[in-house]
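Student: Have a peek at run-v3.tsv (TSV, C-alpha atoms and all ligand atoms).
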chain	number	residue	atom	x	y	z
D	270	MET	CA	21.18	19.11	-9.05
D	271	GLN	CA	21.44	22.13	-11.29
D	272	LYS	CA	19.28	23.54	-14.07
D	273	ILE	CA	20.44	23.30	-17.67
D	274	ASN	CA	19.26	25.07	-20.77
D	275	GLY	CA	18.91	23.98	-24.38
D	276	ILE	CA	16.62	21.19	-25.48
D	277	ASN	CA	17.36	19.32	-28.71
D	278	GLU	CA	14.65	18.98	-31.30
D	279	HIS	CA	15.06	15.26	-32.03
D	280	MET	CA	13.52	12.44	-29.97
D	281	ARG	CA	16.05	11.90	-27.20
D	282	LYS	CA	17.15	8.49	-25.95
D	283	ILE	CA	18.14	7.76	-22.42
D	284	LEU	CA	20.12	4.88	-20.99
D	285	ALA	CA	18.92	4.04	-17.48
D	286	VAL	CA	20.36	1.91	-14.68
D	287	GLU	CA	18.60	0.52	-11.60
D	288	THR	CA	20.52	-1.23	-8.80
D	289	SER	CA	18.71	-0.12	-5.63
D	290	CYS	CA	18.15	-3.57	-4.14
D	291	ASP	CA	18.88	-7.00	-5.61
D	292	ASP	CA	17.76	-6.59	-9.24
D	293	THR	CA	20.29	-5.34	-11.78
D	294	SER	CA	18.46	-3.61	-14.60
D	295	VAL	CA	19.34	-1.57	-17.68
D	296	ALA	CA	16.94	0.10	-20.11
D	297	LEU	CA	16.92	2.26	-23.19
D	298	VAL	CA	13.90	4.59	-23.29
D	299	LYS	CA	12.77	7.26	-25.76
D	300	GLU	CA	11.59	10.60	-24.44
D	301	ASP	CA	7.96	9.76	-25.23
D	302	GLY	CA	8.20	6.81	-22.80
D	303	PHE	CA	8.69	4.13	-25.48
D	304	VAL	CA	10.84	1.32	-24.10
D	305	ILE	CA	13.40	0.21	-26.68
D	306	PHE	CA	15.13	-2.23	-24.32
D	307	ASN	CA	14.55	-3.24	-20.70
D	308	LYS	CA	16.16	-6.19	-18.99
D	309	VAL	CA	16.29	-7.25	-15.36
D	310	VAL	CA	18.77	-9.76	-13.98
D	311	ASP	CA	17.45	-10.94	-10.63
D	312	GLN	CA	19.63	-12.45	-7.93
D	313	ASN	CA	16.94	-14.65	-6.40
D	314	PHE	CA	19.15	-17.76	-6.45
D	315	VAL	CA	21.86	-15.85	-4.53
D	316	HIS	CA	19.58	-14.65	-1.71
D	317	GLN	CA	17.23	-17.67	-1.65
D	318	PRO	CA	19.27	-19.64	0.93
D	319	TYR	CA	19.14	-16.67	3.33
D	320	GLY	CA	15.40	-16.00	2.93
D	321	GLY	CA	16.04	-12.31	2.20
D	322	VAL	CA	18.43	-9.90	0.51
D	323	VAL	CA	22.03	-9.99	1.82
D	324	PRO	CA	23.28	-6.45	1.03
D	325	GLU	CA	26.94	-7.41	0.62
D	326	LEU	CA	26.07	-10.13	-1.90
D	327	ALA	CA	23.66	-7.83	-3.73
D	328	SER	CA	26.35	-5.19	-4.37
D	329	ARG	CA	28.91	-7.78	-5.48
D	330	ASN	CA	26.45	-9.23	-7.95
D	331	HIS	CA	25.54	-5.80	-9.34
D	332	ALA	CA	29.27	-5.24	-9.97
D	333	HIS	CA	29.32	-8.56	-11.81
D	334	TYR	CA	26.21	-8.07	-13.97
D	335	LEU	CA	25.99	-4.36	-14.68
D	336	LEU	CA	28.59	-3.63	-17.39
D	337	PRO	CA	27.78	-6.72	-19.50
D	338	LEU	CA	24.09	-5.76	-19.26
D	339	ILE	CA	24.81	-2.22	-20.48
D	340	GLU	CA	26.76	-3.68	-23.42
D	341	GLU	CA	23.87	-6.03	-24.13
D	342	ALA	CA	21.37	-3.13	-24.09
D	343	LEU	CA	23.32	-1.29	-26.79
D	344	THR	CA	24.11	-4.34	-28.94
D	345	GLU	CA	20.64	-5.91	-28.78
D	346	SER	CA	18.92	-2.64	-29.62
D	347	ASN	CA	21.42	-1.71	-32.33
D	348	HIS	CA	22.55	1.48	-30.66
D	349	ALA	CA	25.96	3.07	-30.15
D	350	TRP	CA	27.05	5.48	-27.41
D	351	LYS	CA	26.65	8.39	-29.84
D	352	ASP	CA	22.90	7.63	-29.96
D	353	ILE	CA	22.49	8.16	-26.22
D	354	ASP	CA	21.52	11.70	-25.20
D	355	PHE	CA	21.81	11.28	-21.45
D	356	LEU	CA	21.88	8.75	-18.62
D	357	ALA	CA	19.72	8.11	-15.57
D	358	VAL	CA	20.41	6.15	-12.41
D	359	THR	CA	18.67	5.44	-9.11
D	360	ASN	CA	20.56	7.07	-6.23
D	361	ARG	CA	17.90	6.82	-3.47
D	362	PRO	CA	16.25	5.18	-1.52
D	363	GLY	CA	17.77	1.72	-1.31
D	364	LEU	CA	20.71	-0.34	-0.13
D	365	VAL	CA	23.66	2.05	-0.26
D	366	GLY	CA	26.17	-0.61	-1.33
D	367	SER	CA	23.90	-1.56	-4.24
D	368	LEU	CA	23.13	2.02	-5.23
D	369	ILE	CA	26.83	2.91	-5.30
D	370	VAL	CA	27.54	0.33	-8.01
D	371	GLY	CA	24.95	1.90	-10.32
D	372	LEU	CA	25.80	5.49	-9.45
D	373	VAL	CA	29.58	5.19	-9.91
D	374	THR	CA	29.13	3.28	-13.16
D	375	VAL	CA	26.79	5.92	-14.58
D	376	LYS	CA	28.95	8.83	-13.41
D	377	THR	CA	31.95	7.23	-15.14
D	378	LEU	CA	30.00	6.60	-18.36
D	379	SER	CA	28.74	10.17	-18.29
D	380	LEU	CA	32.36	11.41	-18.14
D	381	LEU	CA	33.46	9.03	-20.88
D	382	ILE	CA	30.71	9.84	-23.38
D	383	ASP	CA	30.47	13.47	-22.29
D	384	LYS	CA	26.71	13.40	-21.80
D	385	PRO	CA	24.72	14.49	-18.72
D	386	TYR	CA	23.38	12.10	-16.14
D	387	ILE	CA	20.40	12.42	-13.85
D	388	ALA	CA	19.96	10.80	-10.44
D	389	VAL	CA	16.45	9.55	-9.75
D	390	ASN	CA	14.42	8.66	-6.65
D	391	HIS	CA	13.39	5.01	-7.05
D	392	ILE	CA	9.86	5.77	-5.82
D	393	GLU	CA	9.42	8.47	-8.47
D	394	GLY	CA	10.39	5.78	-10.97
D	395	HIS	CA	7.55	3.55	-9.71
D	396	ILE	CA	5.11	6.49	-9.82
D	397	LEU	CA	5.93	7.17	-13.47
D	398	SER	CA	6.08	3.50	-14.56
D	399	SER	CA	2.53	3.84	-15.93
D	400	PHE	CA	3.75	6.27	-18.59
D	401	LEU	CA	5.95	3.60	-20.18
D	402	TRP	CA	4.82	1.80	-23.31
D	403	ASP	CA	6.39	-0.62	-25.76
D	404	ARG	CA	5.74	-2.84	-28.78
D	405	GLU	CA	3.09	-4.76	-26.83
D	406	THR	CA	1.29	-1.90	-25.08
D	407	LYS	CA	-0.05	1.55	-25.90
D	408	PRO	CA	0.69	4.64	-23.77
D	409	ALA	CA	-1.80	4.83	-20.88
D	410	ASP	CA	-4.39	7.56	-21.18
D	411	LEU	CA	-3.49	9.49	-18.02
D	412	LYS	CA	-4.58	12.89	-16.85
D	413	PHE	CA	-3.41	14.79	-13.76
D	414	PRO	CA	-4.28	14.81	-10.94
D	415	PHE	CA	-4.41	11.14	-10.00
D	416	LEU	CA	-4.06	9.00	-6.90
D	417	CYS	CA	-0.99	6.75	-6.98
D	418	LEU	CA	-0.35	3.85	-4.65
D	419	ILE	CA	3.18	2.45	-4.57
D	420	VAL	CA	3.20	-0.98	-2.96
D	421	SER	CA	6.51	-2.80	-2.98
D	422	GLY	CA	8.97	-4.68	-0.80
D	423	GLY	CA	10.29	-1.49	0.74
D	424	HIS	CA	7.43	1.00	0.38
D	425	THR	CA	3.70	1.45	0.82
D	426	HIS	CA	3.06	5.09	-0.10
D	427	LEU	CA	-0.07	6.86	-1.25
D	428	PHE	CA	0.42	10.00	-3.35
D	429	LYS	CA	-1.69	12.71	-4.87
D	430	VAL	CA	0.12	13.30	-8.17
D	431	GLU	CA	-0.61	16.78	-9.52
D	432	ASP	CA	2.03	16.86	-12.25
D	433	PHE	CA	5.49	15.49	-13.04
D	434	GLY	CA	7.56	16.37	-9.97
D	435	LYS	CA	4.52	17.26	-7.85
D	436	TYR	CA	3.96	14.27	-5.62
D	437	PHE	CA	2.02	14.96	-2.43
D	438	LEU	CA	2.53	12.19	0.11
D	439	LEU	CA	-0.92	11.46	1.58
D	440	SER	CA	0.01	8.47	3.71
D	441	GLN	CA	2.37	5.55	4.14
D	442	THR	CA	2.81	2.46	6.25
D	443	VAL	CA	3.45	3.05	9.92
D	444	ASP	CA	5.33	-0.25	10.19
D	445	ASP	CA	6.20	-2.86	7.52
D	446	ALA	CA	5.68	-2.39	3.79
D	447	ALA	CA	3.09	-4.68	2.15
D	448	GLY	CA	5.71	-6.68	0.22
D	449	GLU	CA	7.85	-6.95	3.33
D	450	VAL	CA	5.08	-8.67	5.35
D	451	LEU	CA	4.25	-11.00	2.47
D	452	ASP	CA	7.93	-11.94	2.19
D	453	LYS	CA	8.37	-12.40	5.96
D	454	VAL	CA	5.28	-14.58	6.40
D	455	ALA	CA	6.23	-16.62	3.33
D	456	ARG	CA	9.66	-17.19	4.82
D	457	MET	CA	8.11	-18.40	8.10
D	458	MET	CA	6.15	-20.97	6.07
D	459	GLY	CA	9.33	-22.12	4.33
D	460	LEU	CA	8.29	-20.75	0.90
D	461	GLU	CA	10.72	-19.65	-1.78
D	462	TYR	CA	12.14	-16.12	-1.88
D	463	PRO	CA	10.71	-13.62	-2.84
D	464	GLY	CA	7.63	-14.77	-0.98
D	465	GLY	CA	5.05	-12.31	-2.33
D	466	ALA	CA	4.93	-13.97	-5.73
D	467	GLU	CA	4.91	-17.43	-4.12
D	468	ILE	CA	1.97	-16.53	-1.86
D	469	ASP	CA	0.13	-15.23	-4.94
D	470	ARG	CA	0.78	-18.46	-6.86
D	471	ILE	CA	-0.07	-20.85	-4.01
D	472	SER	CA	-3.24	-18.96	-2.97
D	473	LYS	CA	-4.86	-19.61	-6.34
D	474	SER	CA	-5.38	-23.30	-5.53
D	475	VAL	CA	-7.82	-22.86	-2.62
D	476	GLN	CA	-11.04	-21.16	-1.47
D	477	LEU	CA	-10.90	-18.23	0.91
D	478	GLY	CA	-12.32	-18.22	4.43
D	479	LYS	CA	-10.62	-20.93	6.47
D	480	TYR	CA	-8.90	-18.33	8.66
D	481	VAL	CA	-10.43	-15.02	9.73
D	482	PHE	CA	-7.84	-12.25	9.94
D	483	PRO	CA	-8.51	-9.10	11.98
D	484	LYS	CA	-9.40	-5.84	10.26
D	485	ILE	CA	-6.89	-3.11	11.07
D	486	LYS	CA	-8.98	-0.07	12.00
D	487	LEU	CA	-8.09	3.40	10.81
D	488	LYS	CA	-7.90	6.27	13.23
D	489	GLU	CA	-10.06	9.17	12.12
D	490	ASN	CA	-8.41	11.30	9.39
D	491	ASN	CA	-5.69	8.75	8.96
D	492	LEU	CA	-5.03	7.05	5.63
D	493	ASN	CA	-1.93	5.27	6.86
D	494	PHE	CA	-1.31	1.56	6.43
D	495	SER	CA	-0.35	-0.92	9.11
D	496	PHE	CA	0.50	-4.53	8.31
D	497	SER	CA	2.45	-5.70	11.35
D	498	GLY	CA	-0.75	-6.81	13.19
D	499	LEU	CA	-1.65	-9.05	10.25
D	500	LYS	CA	1.89	-10.42	10.20
D	501	THR	CA	1.76	-11.24	13.94
D	502	PHE	CA	-1.62	-12.92	13.48
D	503	ALA	CA	-0.22	-15.01	10.60
D	504	VAL	CA	2.90	-15.94	12.55
D	505	ASP	CA	0.73	-17.08	15.51
D	506	LEU	CA	-1.31	-19.26	13.17
D	507	ILE	CA	1.84	-20.73	11.63
D	508	GLN	CA	3.08	-21.67	15.08
D	509	LYS	CA	-0.26	-22.92	16.44
D	510	THR	CA	-0.99	-25.11	13.44
D	511	ASP	CA	2.59	-26.44	13.34
D	512	ILE	CA	2.56	-25.71	9.64
D	513	GLN	CA	5.66	-27.70	8.69
D	514	LYS	CA	3.90	-30.89	9.84
D	515	ASN	CA	0.61	-29.81	8.23
D	516	LYS	CA	1.80	-28.52	4.88
D	517	GLY	CA	-1.69	-28.95	3.38
D	518	LEU	CA	-2.77	-25.88	5.37
D	519	ILE	CA	-0.16	-23.60	3.77
D	520	PRO	CA	-2.27	-22.58	0.73
D	521	TYR	CA	-5.25	-21.73	2.99
D	522	LEU	CA	-3.14	-19.59	5.26
D	523	CYS	CA	-1.51	-17.90	2.25
D	524	ALA	CA	-4.87	-17.12	0.65
D	525	ASP	CA	-6.49	-15.62	3.76
D	526	PHE	CA	-3.38	-13.70	4.77
D	527	GLN	CA	-2.98	-12.31	1.25
D	528	GLU	CA	-6.67	-11.38	1.24
D	529	SER	CA	-6.34	-9.43	4.50
D	530	VAL	CA	-3.38	-7.44	3.12
D	531	MET	CA	-5.16	-6.67	-0.16
D	532	GLU	CA	-8.40	-5.77	1.62
D	533	GLN	CA	-6.59	-3.16	3.67
D	534	ILE	CA	-5.05	-1.73	0.49
D	535	ILE	CA	-8.44	-1.48	-1.24
D	536	SER	CA	-10.06	0.06	1.85
D	537	ARG	CA	-7.41	2.84	1.93
D	538	LEU	CA	-7.91	3.51	-1.78
D	539	ASN	CA	-11.63	3.67	-1.21
D	540	GLU	CA	-11.27	6.10	1.69
D	541	SER	CA	-8.93	8.34	-0.37
D	542	ILE	CA	-11.35	8.46	-3.28
D	543	THR	CA	-14.19	9.38	-0.97
D	544	ARG	CA	-12.17	12.18	0.59
D	545	PHE	CA	-10.38	13.62	-2.43
D	546	ASP	CA	-12.66	12.77	-5.34
D	547	PHE	CA	-9.97	11.44	-7.71
D	548	LYS	CA	-11.11	10.18	-11.12
D	549	SER	CA	-7.94	8.14	-11.86
D	550	VAL	CA	-5.94	5.72	-9.74
D	551	ILE	CA	-2.59	4.11	-10.47
D	552	ILE	CA	-1.25	1.14	-8.53
D	553	ALA	CA	2.44	0.36	-9.09
D	554	GLY	CA	5.43	-1.31	-7.39
D	555	GLY	CA	6.22	-5.01	-7.00
D	556	VAL	CA	3.08	-5.95	-5.03
D	557	SER	CA	0.90	-4.47	-7.79
D	558	ALA	CA	1.89	-7.59	-9.75
D	559	ASN	CA	-0.28	-9.56	-7.31
D	560	SER	CA	-3.12	-11.21	-9.22
D	561	ARG	CA	-5.61	-10.96	-6.35
D	562	LEU	CA	-4.89	-7.26	-5.82
D	563	ARG	CA	-5.30	-6.61	-9.55
D	564	GLU	CA	-8.61	-8.50	-9.57
D	565	LYS	CA	-9.96	-6.72	-6.47
D	566	ALA	CA	-8.77	-3.31	-7.67
D	567	LYS	CA	-10.45	-3.77	-11.05
D	568	SER	CA	-13.81	-4.69	-9.55
D	569	TRP	CA	-13.55	-1.85	-6.99
D	570	ALA	CA	-12.71	0.67	-9.75
D	571	ASP	CA	-15.62	-0.54	-11.89
D	572	LYS	CA	-18.04	-0.09	-8.99
D	573	ARG	CA	-16.76	3.41	-8.20
D	574	ASN	CA	-16.42	4.44	-11.84
D	575	ILE	CA	-12.69	5.05	-11.46
D	576	HIS	CA	-10.17	5.03	-14.30
D	577	LEU	CA	-7.69	2.44	-12.99
D	578	VAL	CA	-4.20	2.05	-14.45
D	579	LEU	CA	-2.14	-1.03	-13.60
D	580	PRO	CA	1.23	-1.11	-15.38
D	581	PRO	CA	2.14	-4.32	-17.23
D	582	LEU	CA	3.81	-6.80	-14.84
D	583	ARG	CA	7.28	-6.14	-16.33
D	584	TYR	CA	7.05	-2.50	-15.17
D	585	CYS	CA	5.55	-3.29	-11.73
D	586	THR	CA	8.59	-4.93	-10.16
D	587	ASP	CA	11.94	-3.12	-10.16
D	588	ASN	CA	13.16	-2.18	-13.63
D	589	ALA	CA	15.38	0.47	-15.22
D	590	ALA	CA	12.77	1.63	-17.76
D	591	MET	CA	10.85	3.44	-15.00
D	592	ILE	CA	14.09	5.15	-13.90
D	593	GLY	CA	14.56	6.26	-17.51
D	594	MET	CA	11.02	7.66	-17.54
D	595	ALA	CA	11.61	9.64	-14.34
D	596	GLY	CA	14.99	10.80	-15.73
D	597	ILE	CA	13.31	12.07	-18.91
D	598	LYS	CA	10.80	14.11	-16.95
D	599	LEU	CA	13.53	15.56	-14.69
D	600	PHE	CA	15.60	16.46	-17.78
D	601	GLU	CA	12.58	18.16	-19.34
D	602	ARG	CA	12.25	20.24	-16.19
D	603	GLY	CA	15.89	21.30	-16.64
D	604	PHE	CA	17.75	19.11	-14.15
D	605	GLN	CA	21.02	17.29	-14.35
D	606	SER	CA	23.16	15.84	-11.58
D	607	ASP	CA	26.70	16.79	-10.71
D	608	ARG	CA	29.73	14.56	-10.29
D	609	GLU	CA	29.88	14.91	-6.49
D	610	LEU	CA	26.40	13.50	-5.94
D	611	ASN	CA	26.11	10.62	-3.47
D	612	CYS	CA	23.52	7.92	-2.80
D	613	TYR	CA	21.17	7.64	0.17
D	614	PRO	CA	19.18	4.94	1.96
D	615	HIS	CA	16.15	7.27	2.22
D	616	SER	CA	14.32	9.80	0.08
D	617	LEU	CA	15.57	13.38	0.39
D	618	PRO	CA	13.69	16.38	1.77
D	619	GLY	CA	11.84	17.94	-1.14
D	620	ASP	CA	11.40	14.68	-3.08
D	621	PHE	CA	7.78	14.56	-1.96
D	622	LEU	CA	5.49	17.40	-0.97
D	623	LYS	CA	3.24	17.48	2.10
G	1	LIG	O1	9.08	-3.01	-6.50
G	1	LIG	P1	9.87	-4.20	-6.09
G	1	LIG	O2	10.41	-5.09	-7.17
G	1	LIG	O3	11.08	-3.80	-5.16
G	1	LIG	C1	10.99	-2.81	-4.18
G	1	LIG	O4	11.09	-1.61	-4.55
G	1	LIG	O5	10.77	-3.18	-3.01
G	1	LIG	O6	8.93	-5.06	-5.11
G	1	LIG	C2	9.37	-6.26	-4.59
G	1	LIG	C3	8.24	-6.83	-3.76
G	1	LIG	C4	8.65	-8.08	-2.97
G	1	LIG	O7	8.21	-7.91	-1.63
G	1	LIG	C5	7.88	-9.19	-3.67
G	1	LIG	O8	7.52	-10.25	-2.81
G	1	LIG	C6	6.66	-8.44	-4.15
G	1	LIG	O9	7.15	-7.20	-4.60
G	1	LIG	N1	5.97	-9.13	-5.25
G	1	LIG	C7	4.72	-9.63	-5.13
G	1	LIG	C8	4.41	-10.24	-6.36
G	1	LIG	N2	5.49	-10.10	-7.19
G	1	LIG	C9	6.43	-9.41	-6.48
G	1	LIG	N3	3.87	-9.60	-4.09
G	1	LIG	C10	2.66	-10.18	-4.26
G	1	LIG	N4	2.30	-10.80	-5.41
G	1	LIG	C11	3.14	-10.85	-6.47
G	1	LIG	N5	2.74	-11.46	-7.59
G	2	ZN	ZN	10.88	-0.87	-6.23
Would you mind writing the file out in structure tokens?

Tutor:
Amino acid sequence: MQKINGINEHMRKILAVETSCDDTSVALVKEDGFVIFNKVVDQNFVHQPYGGVVPELASRNHAHYLLPLIEEALTESNHAWKDIDFLAVTNRPGLVGSLIVGLVTVKTLSLLIDKPYIAVNHIEGHILSSFLWDRETKPADLKFPFLCLIVSGGHTHLFKVEDFGKYFLLSQTVDDAAGEVLDKVARMMGLEYPGGAEIDRISKSVQLGKYVFPKIKLKENNLNFSFSGLKTFAVDLIQKTDIQKNKGLIPYLCADFQESVMEQIISRLNESITRFDFKSVIIAGGVSANSRLREKAKSWADKRNIHLVLPPLRYCTDNAAMIGMAGIKLFERGFQSDRELNCYPHSLPGDFLK
């Protein structure tokens, strides 16, 4: 990345692309975070038979969907290429084959329309998703510093956010991500992919408390997450109860398993607040769409007098609008990406501060 000078006076518009996993998404975002257009094409039906994302199929489908979706973004929102000031694309972390489709497309467009492009860390996109607003929502009233929890299929990261670009990583999962364990346990029960949303839906039909899950204890001075013990406990229950022959037990197991995951998340938030005295907390990423987590987080925040921000569901799961938002803030700090840039399965040194 290199610094650029010269900032136009008018409200800039950015076209953003997200292809880090199995969702193809394109958005058009104004520099104040207003989302003009944001559409996600999921590939759930493609990966459903395999119970998880098949990287090769994900990249092929991005190649199929991406250009028509970009055309749709411009046509639907009544914009032409001349109206676009710059482009943004996720180039890390994620499935490399998927990322390449987005990156090469955006690099090529950047050459064609002669406008800069900016490569974005997907997690930074999730962190900044709360700054997005649209015709249905107002901009969130957010002041730095705040605590930000990113809970998704690939990540469970807790950040102290001091400013745009100043993300201090406080803790993360030492094993599976929260969404990953929800998806894996759902798969073991024969539920539809992606399992997190299915567990959420099914859990609503029953009372909690049939199964008692263990509490995963924190070591002193350790805010890390660990979900693999809960997963093993759930898998044992699935096997012991012979769940496929006793399908009536599935909602109970879902509800108590989900509760144990969400309880751990709330307990880490609580511990962080006690230690660092944050006034505002943001929870984002796919798992933040979980209705039980949202309910528990709201009542916890009320009790502790915390200003809690939960992005609308459409900006919780993967979407290009959040990549546009991160791109805008990078551009404002004077960054643009060069044509040799590659994509990476992991975050890069310097993305997050310690
Ligand atoms: O942020 P995201 O779309 O992709 C990643 O960056 O990983 O998150 C996807 C994850 C999946 O694990 C999915 O099961 C989970 O978010 N998820 C949910 C819900 N909706 C999506 N988990 C629990 N409850 C939901 N309602
Ligand atoms: Zn994500």

Student: At what distance in Å, to one decimal, does atom CA of His333 of chain D lie from atom CA of Val370 of chain D?

Tutor: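 So the answer is 9.8 Å.
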
Student: Using atom CA of Gly320 of chain D and atom CA of Phe526 of chain D as the two end points, give the distance in Å to one decimal.

Tutor: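 Separation between atom CA of Gly320 of chain D and atom CA of Phe526 of chain D: 19.0 Å.
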
Student: Which residues come within 12 Å of Leu416 of chain D, counting only C-alpha atoms, excluding same-chain residues fewer than 4 positions away, as a PyMOL selection string?

Tutor: chain D and resi 396+411-412+426-432+435-440+537-553+575-578

Student: Name the residues in contact with Lys351 of chain D at a cut-off of 12 Å, using only C-alpha atoms, excluding same-chain residues fewer than 4 positions from it; report them as a PDB file with C-alpha atoms, in the frame of the given file.

Tutor:
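So result02.pdb came out as:
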ATOM      1  CA  ARG D 281      16.050  11.900 -27.200  1.00  0.00           C
ATOM      2  CA  LYS D 282      17.150   8.490 -25.950  1.00  0.00           C
ATOM      3  CA  ILE D 283      18.140   7.760 -22.420  1.00  0.00           C
ATOM      4  CA  LEU D 284      20.120   4.880 -20.990  1.00  0.00           C
ATOM      5  CA  LEU D 343      23.320  -1.290 -26.790  1.00  0.00           C
ATOM      6  CA  ASN D 347      21.420  -1.710 -32.330  1.00  0.00           C
ATOM      7  CA  PHE D 355      21.810  11.280 -21.450  1.00  0.00           C
ATOM      8  CA  SER D 379      28.740  10.170 -18.290  1.00  0.00           C
ATOM      9  CA  LEU D 381      33.460   9.030 -20.880  1.00  0.00           C
ATOM     10  CA  ILE D 382      30.710   9.840 -23.380  1.00  0.00           C
ATOM     11  CA  ASP D 383      30.470  13.470 -22.290  1.00  0.00           C
ATOM     12  CA  LYS D 384      26.710  13.400 -21.800  1.00  0.00           C
TER      13      LYS D 384
END

Student: Given a cut-off of 12 Å, what residues near ligand ZN 2 (chain G) show up using all atoms listed in the file, put as an MDAnalysis selection string?

Tutor: chainID D and resid 287:294 359 361:364 390:398 419:426 446 448:449 553:558 583:592

Student: Emit the selected residues as a PDB file, in the frame of the given file, including C-alpha atoms.

Tutor:
ATOM      1  CA  GLU D 287      18.600   0.520 -11.600  1.00  0.00           C
ATOM      2  CA  THR D 288      20.520  -1.230  -8.800  1.00  0.00           C
ATOM      3  CA  SER D 289      18.710  -0.120  -5.630  1.00  0.00           C
ATOM      4  CA  CYS D 290      18.150  -3.570  -4.140  1.00  0.00           C
ATOM      5  CA  ASP D 291      18.880  -7.000  -5.610  1.00  0.00           C
ATOM      6  CA  ASP D 292      17.760  -6.590  -9.240  1.00  0.00           C
ATOM      7  CA  THR D 293      20.290  -5.340 -11.780  1.00  0.00           C
ATOM      8  CA  SER D 294      18.460  -3.610 -14.600  1.00  0.00           C
ATOM      9  CA  THR D 359      18.670   5.440  -9.110  1.00  0.00           C
ATOM     10  CA  ARG D 361      17.900   6.820  -3.470  1.00  0.00           C
ATOM     11  CA  PRO D 362      16.250   5.180  -1.520  1.00  0.00           C
ATOM     12  CA  GLY D 363      17.770   1.720  -1.310  1.00  0.00           C
ATOM     13  CA  LEU D 364      20.710  -0.340  -0.130  1.00  0.00           C
ATOM     14  CA  ASN D 390      14.420   8.660  -6.650  1.00  0.00           C
ATOM     15  CA  HIS D 391      13.390   5.010  -7.050  1.00  0.00           C
ATOM     16  CA  ILE D 392       9.860   5.770  -5.820  1.00  0.00           C
ATOM     17  CA  GLU D 393       9.420   8.470  -8.470  1.00  0.00           C
ATOM     18  CA  GLY D 394      10.390   5.780 -10.970  1.00  0.00           C
ATOM     19  CA  HIS D 395       7.550   3.550  -9.710  1.00  0.00           C
ATOM     20  CA  ILE D 396       5.110   6.490  -9.820  1.00  0.00           C
ATOM     21  CA  LEU D 397       5.930   7.170 -13.470  1.00  0.00           C
ATOM     22  CA  SER D 398       6.080   3.500 -14.560  1.00  0.00           C
ATOM     23  CA  ILE D 419       3.180   2.450  -4.570  1.00  0.00           C
ATOM     24  CA  VAL D 420       3.200  -0.980  -2.960  1.00  0.00           C
ATOM     25  CA  SER D 421       6.510  -2.800  -2.980  1.00  0.00           C
ATOM     26  CA  GLY D 422       8.970  -4.680  -0.800  1.00  0.00           C
ATOM     27  CA  GLY D 423      10.290  -1.490   0.740  1.00  0.00           C
ATOM     28  CA  HIS D 424       7.430   1.000   0.380  1.00  0.00           C
ATOM     29  CA  THR D 425       3.700   1.450   0.820  1.00  0.00           C
ATOM     30  CA  HIS D 426       3.060   5.090  -0.100  1.00  0.00           C
ATOM     31  CA  ALA D 446       5.680  -2.390   3.790  1.00  0.00           C
ATOM     32  CA  GLY D 448       5.710  -6.680   0.220  1.00  0.00           C
ATOM     33  CA  GLU D 449       7.850  -6.950   3.330  1.00  0.00           C
ATOM     34  CA  ALA D 553       2.440   0.360  -9.090  1.00  0.00           C
ATOM     35  CA  GLY D 554       5.430  -1.310  -7.390  1.00  0.00           C
ATOM     36  CA  GLY D 555       6.220  -5.010  -7.000  1.00  0.00           C
ATOM     37  CA  VAL D 556       3.080  -5.950  -5.030  1.00  0.00           C
ATOM     38  CA  SER D 557       0.900  -4.470  -7.790  1.00  0.00           C
ATOM     39  CA  ALA D 558       1.890  -7.590  -9.750  1.00  0.00           C
ATOM     40  CA  ARG D 583       7.280  -6.140 -16.330  1.00  0.00           C
ATOM     41  CA  TYR D 584       7.050  -2.500 -15.170  1.00  0.00           C
ATOM     42  CA  CYS D 585       5.550  -3.290 -11.730  1.00  0.00           C
ATOM     43  CA  THR D 586       8.590  -4.930 -10.160  1.00  0.00           C
ATOM     44  CA  ASP D 587      11.940  -3.120 -10.160  1.00  0.00           C
ATOM     45  CA  ASN D 588      13.160  -2.180 -13.630  1.00  0.00           C
ATOM     46  CA  ALA D 589      15.380   0.470 -15.220  1.00  0.00           C
ATOM     47  CA  ALA D 590      12.770   1.630 -17.760  1.00  0.00           C
ATOM     48  CA  MET D 591      10.850   3.440 -15.000  1.00  0.00           C
ATOM     49  CA  ILE D 592      14.090   5.150 -13.900  1.00  0.00           C
TER      50      ILE D 592
END

Student: Give me the residues near segment 464-466 of chain D as a list in words, where near means some atom within 6 Å (using all atoms listed in the file) and where sequence neighbours in that chain fewer than 5 positions away do not count.

Tutor: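 Residues meeting the cut-off are Leu451, Asp452 and Ala455 of chain D.
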
Student: Here is a test: counting all atoms listed in the file, which residue of D:Ile597, D:Val450, D:Met458, D:Ala524 is nearest to Lys473 of chain D?

Tutor: D:Ala524

Student: Rounded to one decimal, what separation in Å do you get between atom CA of Ser328 of chain D and atom CA of Gly366 of chain D?

Tutor: 5.5 Å

Student: Between D:Ala332, D:Val365, D:Ala503, D:Val322, which one has atoms that come closest to ligand LIG 1 (chain G), using all atoms listed in the file?

Tutor: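 Nearest candidate to ligand LIG 1 (chain G) out of D:Ala332, D:Val365, D:Ala503, D:Val322: D:Val322.
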
Student: I'd like the contact shell of Gly596 of chain D - 9 Å cut-off, all atoms listed in the file, skipping same-chain residues fewer than 6 positions apart - returned as JSON, numbers by chain.

Tutor: {"D": [283, 285, 355, 356, 357, 358, 386, 387, 388, 389, 394, 604, 605]}

Student: Skipping near chain neighbours, those fewer than 2 positions away, what residues fall within 10 Å of Tyr334 of chain D using all atoms listed in the file, listed as a list in words?

Tutor: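 Within the cut-off, the hits are Asp292, Thr293, Ser294, Val310, Asp311, Gln312, Arg329, Asn330, His331, Ala332, Leu336, Pro337, Leu338 and Ile339 of chain D.
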